[in-house]
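A.B. asks: Got a structure for you, coords-v7.txt, holding compact mmCIF, C-alpha atoms.
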```txt
# COMPACT_ATOMS: atom_id res chain seq x y z
CA MET B 1 106.58 204.84 120.36
CA LYS B 2 108.34 204.74 116.99
CA THR B 3 105.99 201.98 115.77
CA LEU B 4 102.93 204.02 116.78
CA ALA B 5 104.25 207.09 114.95
CA GLY B 6 105.07 204.91 111.92
CA LYS B 7 101.54 203.47 111.92
CA ILE B 8 100.03 206.97 112.10
CA VAL B 9 102.21 208.18 109.22
CA MET B 10 101.35 205.09 107.17
CA LEU B 11 97.61 205.57 107.90
CA ALA B 12 97.86 209.23 106.83
CA ILE B 13 99.57 208.26 103.57
CA VAL B 14 96.94 205.58 102.80
CA GLY B 15 94.10 207.97 103.75
CA GLY B 16 95.57 210.74 101.58
CA GLY B 17 96.01 208.35 98.67
CA PHE B 18 92.41 207.18 98.97
CA TYR B 19 91.21 210.80 99.05
CA LEU B 20 93.18 211.58 95.87
CA TYR B 21 91.78 208.44 94.23
CA LEU B 22 88.24 209.58 95.00
CA GLN B 23 88.96 213.03 93.56
CA CYS B 24 90.26 211.49 90.33
CA LYS B 25 87.06 209.43 90.00
CA ARG B 26 84.77 212.33 90.96
CA TYR B 27 83.64 213.20 87.43
CA GLU B 28 82.19 210.83 84.88
CA ILE B 29 81.61 211.46 81.17
CA ALA B 30 78.43 209.79 79.92
CA ALA B 31 76.86 209.73 76.47
CA SER B 32 73.11 209.76 75.90
CA ASP B 33 71.42 207.56 73.33
CA LYS B 34 70.91 210.71 71.23
CA GLY B 35 74.67 211.35 70.95
CA MET B 36 75.03 214.14 73.52
CA ALA B 37 77.88 213.98 76.05
CA TYR B 38 77.37 214.89 79.71
CA MET B 39 79.82 215.40 82.56
CA ILE B 40 78.47 214.26 85.93
CA ASP B 41 79.86 215.20 89.35
CA ARG B 42 79.52 211.97 91.35
CA LYS B 43 79.89 213.87 94.62
CA THR B 44 77.15 216.49 94.14
CA GLY B 45 75.05 214.95 91.35
CA GLN B 46 75.33 218.12 89.25
CA SER B 47 75.65 217.62 85.49
CA TRP B 48 76.76 219.62 82.47
CA MET B 49 76.15 219.11 78.77
CA LEU B 50 79.42 219.18 76.82
CA SER B 51 79.22 221.26 73.65
CA GLY B 52 82.55 221.58 71.86
CA GLN B 53 84.95 223.24 74.32
CA GLU B 54 82.12 224.48 76.59
CA LYS B 55 80.33 223.03 79.59
CA VAL B 56 76.68 224.08 79.59
CA GLY B 57 74.77 223.67 82.86
CA HIS B 58 72.22 220.90 82.48
CA VAL B 59 68.94 221.43 84.28
CA PRO B 60 67.02 218.19 84.72
CA PRO B 61 63.26 218.25 84.07
CA ARG B 62 61.24 219.69 86.89
CA GLU B 63 59.67 217.16 89.21
CA SER B 64 56.37 219.00 88.74
CA GLU B 65 56.50 218.62 84.95
CA ARG B 66 53.94 215.91 84.41
CA LEU B 67 53.43 214.72 80.86
CA SER B 68 49.89 214.62 79.50
CA GLU B 69 48.43 213.23 76.30
CA LEU B 70 48.18 216.00 73.73
CA PRO B 71 44.64 217.03 72.80
CA LEU B 72 43.45 216.01 69.33
CA LEU B 73 44.08 219.43 67.73
CA ALA B 74 47.58 219.64 69.20
CA ASN B 75 48.35 216.06 68.10
CA ASN B 76 47.12 216.86 64.58
CA ALA B 77 49.44 219.92 64.49
CA LEU B 78 52.49 217.60 64.52
CA LYS B 79 53.64 217.27 60.90
CA GLY B 80 56.78 215.99 59.26
CA ARG B 81 58.56 213.73 56.87
CA ALA B 82 60.35 210.50 57.69
CA GLY B 83 61.37 207.12 56.38
CA PHE B 84 63.80 204.25 56.61
CA ARG B 85 67.29 205.70 56.30
CA GLU B 86 69.32 204.39 53.36
CA ASP B 87 73.05 204.16 52.86
CA GLN B 88 74.82 205.23 49.65
CA LEU B 89 74.46 201.76 48.15
CA GLY B 90 70.67 201.80 48.56
CA GLY B 91 70.55 199.47 51.56
CA ASN B 92 68.82 200.39 54.79
CA TYR B 93 70.74 201.33 57.93
CA GLY B 94 68.20 199.81 60.31
CA ASP B 95 66.75 203.06 61.56
CA PHE B 96 63.77 205.30 61.01
CA ALA B 97 64.58 209.01 60.80
CA GLY B 98 62.95 212.30 59.94
CA VAL B 99 61.99 215.81 60.98
CA LEU B 100 58.86 216.85 62.86
CA TYR B 101 57.30 220.32 63.11
CA ASN B 102 55.30 221.08 66.25
CA GLY B 103 52.63 223.56 65.15
CA SER B 104 50.82 223.35 68.47
CA ASP B 105 51.00 225.34 71.69
CA TRP B 106 52.34 222.31 73.59
CA ASN B 107 55.93 221.33 74.40
CA VAL B 108 56.23 217.76 73.13
CA ARG B 109 58.43 215.33 75.08
CA GLU B 110 57.40 211.92 73.73
CA VAL B 111 55.98 210.71 70.41
CA THR B 112 54.57 207.28 69.55
CA PHE B 113 54.78 206.41 65.86
CA LYS B 114 52.75 203.71 64.11
CA ILE B 115 55.00 202.32 61.37
CA THR B 116 54.02 199.85 58.68
CA ALA B 117 56.67 198.12 56.56
CA LYS B 118 55.30 197.05 53.20
CA GLU B 119 56.59 194.75 50.50
CA LYS B 120 56.99 196.06 46.96
CA ASP B 121 53.66 194.42 46.01
CA GLY B 122 51.87 196.33 48.81
CA ALA B 123 51.54 193.42 51.25
CA THR B 124 52.14 194.35 54.87
CA ARG B 125 55.36 192.86 56.25
CA TRP B 126 54.81 194.21 59.77
CA GLU B 127 53.09 196.98 61.69
CA ARG B 128 54.49 198.24 65.00
CA LYS B 129 54.39 201.14 67.41
CA TYR B 130 57.62 202.85 68.43
CA ARG B 131 57.86 205.41 71.23
CA THR B 132 60.73 207.91 71.37
CA ARG B 133 61.68 210.76 73.68
CA ILE B 134 61.97 214.13 71.97
CA HIS B 135 62.43 217.68 73.24
CA MET B 136 60.36 219.79 70.86
CA ASP B 137 58.99 223.08 72.13
CA ALA B 138 55.90 224.73 70.66
CA LEU B 139 56.31 226.06 67.10
CA THR B 140 59.70 224.42 66.51
CA SER B 141 61.11 221.59 64.39
CA LYS B 142 63.22 218.69 65.57
CA GLU B 143 65.10 215.83 63.93
CA PHE B 144 64.61 212.34 65.33
CA ARG B 145 65.98 208.87 64.70
CA PHE B 146 65.53 205.47 66.28
CA GLN B 147 66.37 201.89 65.38
CA VAL B 148 63.92 199.46 63.86
CA ILE B 149 64.34 195.86 62.80
CA GLU B 150 63.37 193.83 59.73
CA GLU B 151 63.03 196.89 57.50
CA ARG B 152 65.55 195.96 54.79
CA GLY B 153 64.00 196.34 51.35
CA ALA B 154 60.63 197.47 52.70
CA GLU B 155 58.66 200.59 51.88
CA VAL B 156 57.21 202.56 54.77
CA GLU B 157 53.92 204.08 55.81
CA TRP B 158 53.82 205.94 59.09
CA ARG B 159 51.73 208.24 61.24
CA ILE B 160 51.89 209.77 64.69
CA ASP B 161 49.80 207.56 66.94
CA SER B 162 50.03 209.76 70.04
CA ALA B 163 52.20 212.36 71.73
CA ARG B 164 52.76 213.50 75.30
CA GLY B 165 54.00 216.79 76.64
CA THR B 166 53.21 219.89 78.68
CA ARG B 167 51.38 223.09 77.90
CA ALA B 168 53.72 225.85 76.75
CA GLU B 169 53.90 228.60 79.36
CA GLY B 170 52.00 231.75 78.51
CA LYS B 171 49.82 230.02 75.91
CA GLN B 172 46.35 228.58 76.04
CA ALA B 173 46.00 224.86 75.67
CA SER B 174 44.66 223.50 72.41
CA GLU B 175 41.05 222.42 72.66
CA GLU B 176 39.63 219.07 71.68
CA LEU B 177 37.33 218.86 68.70
CA PRO B 178 33.69 218.37 69.75
```
Just give me the structure of the file as structure tokens.

C.D. replies:
Amino acid sequence: MKTLAGKIVMLAIVGGGFYLYLQCKRYEIAASDKGMAYMIDRKTGQSWMLSGQEKVGHVPPRESERLSELPLLANNALKGRAGFREDQLGGNYGDFAGVLYNGSDWNVREVTFKITAKEKDGATRWERKYRTRIHMDALTSKEFRFQVIEERGAEVEWRIDSARGTRAEGKQASEELP
């Protein structure tokens, strides 16, 4: 009888220890590729964006939010400045960065850039498309940055090849040019 009671007590201690272990591992801190930190509850799946000392509830994109190609007028309303980022010694960091202004009535979620790296004599070194996620609501500006390769010493030409997003609520969609 004593061995049965001992086994039950031992099982309760192991079970309680395992429960405490799971509670200690319940939350995970994860960083996004854009530098934001998130706290994720592994038990419920709920997440929060960490901003300084605050936890801000993070609402994932709606399942019904389907991205569409922006119409021509909306795509042409995306303006900005960008280039290869340089360090203080004049060398390149290996990334392309800038600021975009969304002058359209669409919420932009993805932009594809066409970037051309040119030699000092004007010869094309390479031309590539880069796609990046961005959260830029209608009539707002947003900084962006992403890594590129083989840009050291090159000059840049760039344009927005395409963009995808959703219509801003309460606004009419931009119309295509005839």

A.B. asks: Looking at all atoms listed in the file, which of B:Glu110, B:Glu127, B:Glu155, B:Asp95 is the one that sits closest to B:Asn75?

C.D. replies: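 Using all atoms listed in the file, B:Asn75 sits closest to B:Glu110.
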
A.B. asks: Tell me, in Å to one decimal, how far atom CA of B:Met136 is from atom CA of B:Val56.

C.D. replies: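 That distance, rounded to one decimal, is 19.0 Å.
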
A.B. asks: Any idea what the distance is between atom CA of B:Trp106 and atom CA of B:Gly83?

C.D. replies: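 These two atoms are separated by 24.7 Å.
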
A.B. asks: In Å, how far is it from atom CA of B:Ala74 to atom CA of B:Ala163?

C.D. replies: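 Straight-line distance from atom CA of B:Ala74 to atom CA of B:Ala163 works out to 9.0 Å.
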
A.B. asks: Would you pick out the contacts of B:Leu70 at 12 Å or less, using all atoms listed in the file, so that residues sharing its chain but fewer than 3 positions from it are not included, and give the list as JSON, numbers by chain?

C.D. replies: {"B": [67, 73, 74, 75, 76, 77, 78, 102, 104, 105, 106, 107, 108, 109, 110, 111, 112, 160, 161, 162, 163, 164, 165, 166, 167, 168, 173, 174, 175, 176]}

A.B. asks: Which residue is closest to B:Arg131? Choose from B:Ile13, B:Lys118, B:Arg152, B:Phe113 and count only C-alpha atoms.

C.D. replies: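 When distances to B:Arg131 are compared using only C-alpha atoms, the smallest one comes from B:Phe113.
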
A.B. asks: Select, counting all atoms listed in the file, all protein, DNA and RNA residues no farther than 8 Å from (61.5, 212.0, 59.5) in file coordinates, and express the selection as a list in words.

C.D. replies: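 Applying the cut-off with all atoms listed in the file, one gets Gly80, Arg81, Ala82, Gly83, Phe96, Ala97, Gly98, Val99, Leu100, Glu143, Phe144 and Arg145 of chain B.
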
A.B. asks: Using all atoms listed in the file, can you tell me which of B:Ile40, B:Ala123, B:Ser51, B:Gly94 comes closest to B:Phe146?

C.D. replies: B:Gly94

A.B. asks: Please provide as a ChimeraX atom specification all residues within 9 Å of B:Thr116, with the sequence filter that same-chain residues fewer than 2 positions apart are discarded (counting all atoms listed in the file).

C.D. replies: /B:114,118,124-129,155-158

A.B. asks: Using only C-alpha atoms, which of B:Tyr130, B:Asp41, B:Lys120, B:Met49 sits nearest B:Arg159?

C.D. replies: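 Between B:Tyr130, B:Asp41, B:Lys120, B:Met49, the residue approaching B:Arg159 most closely is B:Tyr130.
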
A.B. asks: Pull out stretch 114-176 of chain B, keep C-alpha atoms, and write it as a PDB file, in the first residue's frame.

C.D. replies:
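decode-v8.pdb, freshly written:
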```
ATOM      1  CA  LYS B 114      12.455  46.690 -61.050  1.00  0.00           C
ATOM      2  CA  ILE B 115      16.027  47.667 -60.145  1.00  0.00           C
ATOM      3  CA  THR B 116      18.902  48.194 -62.543  1.00  0.00           C
ATOM      4  CA  ALA B 117      22.485  48.440 -61.271  1.00  0.00           C
ATOM      5  CA  LYS B 118      24.680  50.415 -63.638  1.00  0.00           C
ATOM      6  CA  GLU B 119      28.415  50.856 -63.932  1.00  0.00           C
ATOM      7  CA  LYS B 120      29.901  54.359 -63.840  1.00  0.00           C
ATOM      8  CA  ASP B 121      30.151  54.308 -67.668  1.00  0.00           C
ATOM      9  CA  GLY B 122      26.398  53.590 -67.947  1.00  0.00           C
ATOM     10  CA  ALA B 123      26.682  49.884 -68.813  1.00  0.00           C
ATOM     11  CA  THR B 124      24.090  47.690 -67.139  1.00  0.00           C
ATOM     12  CA  ARG B 125      25.600  45.390 -64.508  1.00  0.00           C
ATOM     13  CA  TRP B 126      22.305  43.644 -63.728  1.00  0.00           C
ATOM     14  CA  GLU B 127      18.554  44.142 -63.813  1.00  0.00           C
ATOM     15  CA  ARG B 128      16.275  42.319 -61.360  1.00  0.00           C
ATOM     16  CA  LYS B 129      12.827  42.387 -59.836  1.00  0.00           C
ATOM     17  CA  TYR B 130      12.443  42.428 -56.056  1.00  0.00           C
ATOM     18  CA  ARG B 131       9.127  41.939 -54.268  1.00  0.00           C
ATOM     19  CA  THR B 132       8.605  43.191 -50.716  1.00  0.00           C
ATOM     20  CA  ARG B 133       5.696  43.208 -48.282  1.00  0.00           C
ATOM     21  CA  ILE B 134       4.644  46.649 -47.118  1.00  0.00           C
ATOM     22  CA  HIS B 135       1.708  47.947 -45.083  1.00  0.00           C
ATOM     23  CA  MET B 136       0.893  51.295 -46.667  1.00  0.00           C
ATOM     24  CA  ASP B 137      -2.657  52.588 -46.382  1.00  0.00           C
ATOM     25  CA  ALA B 138      -4.156  55.049 -48.857  1.00  0.00           C
ATOM     26  CA  LEU B 139      -2.672  58.569 -48.755  1.00  0.00           C
ATOM     27  CA  THR B 140       0.227  57.645 -46.454  1.00  0.00           C
ATOM     28  CA  SER B 141       4.007  57.292 -46.714  1.00  0.00           C
ATOM     29  CA  LYS B 142       6.102  54.340 -45.657  1.00  0.00           C
ATOM     30  CA  GLU B 143       9.810  53.563 -45.399  1.00  0.00           C
ATOM     31  CA  PHE B 144      11.050  50.290 -46.849  1.00  0.00           C
ATOM     32  CA  ARG B 145      14.323  48.400 -47.070  1.00  0.00           C
ATOM     33  CA  PHE B 146      15.401  45.040 -48.412  1.00  0.00           C
ATOM     34  CA  GLN B 147      18.682  43.333 -49.208  1.00  0.00           C
ATOM     35  CA  VAL B 148      20.188  43.138 -52.664  1.00  0.00           C
ATOM     36  CA  ILE B 149      23.406  41.565 -53.876  1.00  0.00           C
ATOM     37  CA  GLU B 150      26.226  42.668 -56.175  1.00  0.00           C
ATOM     38  CA  GLU B 151      25.432  46.367 -55.813  1.00  0.00           C
ATOM     39  CA  ARG B 152      28.787  47.594 -54.477  1.00  0.00           C
ATOM     40  CA  GLY B 153      30.001  50.579 -56.475  1.00  0.00           C
ATOM     41  CA  ALA B 154      26.982  50.597 -58.788  1.00  0.00           C
ATOM     42  CA  GLU B 155      24.575  53.406 -59.563  1.00  0.00           C
ATOM     43  CA  VAL B 156      20.879  52.618 -59.496  1.00  0.00           C
ATOM     44  CA  GLU B 157      17.824  53.112 -61.662  1.00  0.00           C
ATOM     45  CA  TRP B 158      14.527  51.839 -60.331  1.00  0.00           C
ATOM     46  CA  ARG B 159      10.795  51.881 -60.880  1.00  0.00           C
ATOM     47  CA  ILE B 160       7.720  50.253 -59.415  1.00  0.00           C
ATOM     48  CA  ASP B 161       6.907  47.298 -61.643  1.00  0.00           C
ATOM     49  CA  SER B 162       3.633  46.357 -59.933  1.00  0.00           C
ATOM     50  CA  ALA B 163       1.799  46.566 -56.627  1.00  0.00           C
ATOM     51  CA  ARG B 164      -0.911  44.547 -54.922  1.00  0.00           C
ATOM     52  CA  GLY B 165      -3.392  45.552 -52.271  1.00  0.00           C
ATOM     53  CA  THR B 166      -7.032  46.082 -51.371  1.00  0.00           C
ATOM     54  CA  ARG B 167      -9.458  48.901 -51.973  1.00  0.00           C
ATOM     55  CA  ALA B 168      -9.579  51.354 -49.078  1.00  0.00           C
ATOM     56  CA  GLU B 169     -12.933  51.138 -47.313  1.00  0.00           C
ATOM     57  CA  GLY B 170     -15.309  53.987 -48.009  1.00  0.00           C
ATOM     58  CA  LYS B 171     -13.485  55.027 -51.190  1.00  0.00           C
ATOM     59  CA  GLN B 172     -14.095  54.316 -54.832  1.00  0.00           C
ATOM     60  CA  ALA B 173     -11.552  52.220 -56.630  1.00  0.00           C
ATOM     61  CA  SER B 174      -9.209  53.934 -59.060  1.00  0.00           C
ATOM     62  CA  GLU B 175     -10.189  53.363 -62.660  1.00  0.00           C
ATOM     63  CA  GLU B 176      -7.973  52.071 -65.419  1.00  0.00           C
TER      64      GLU B 176
END
```
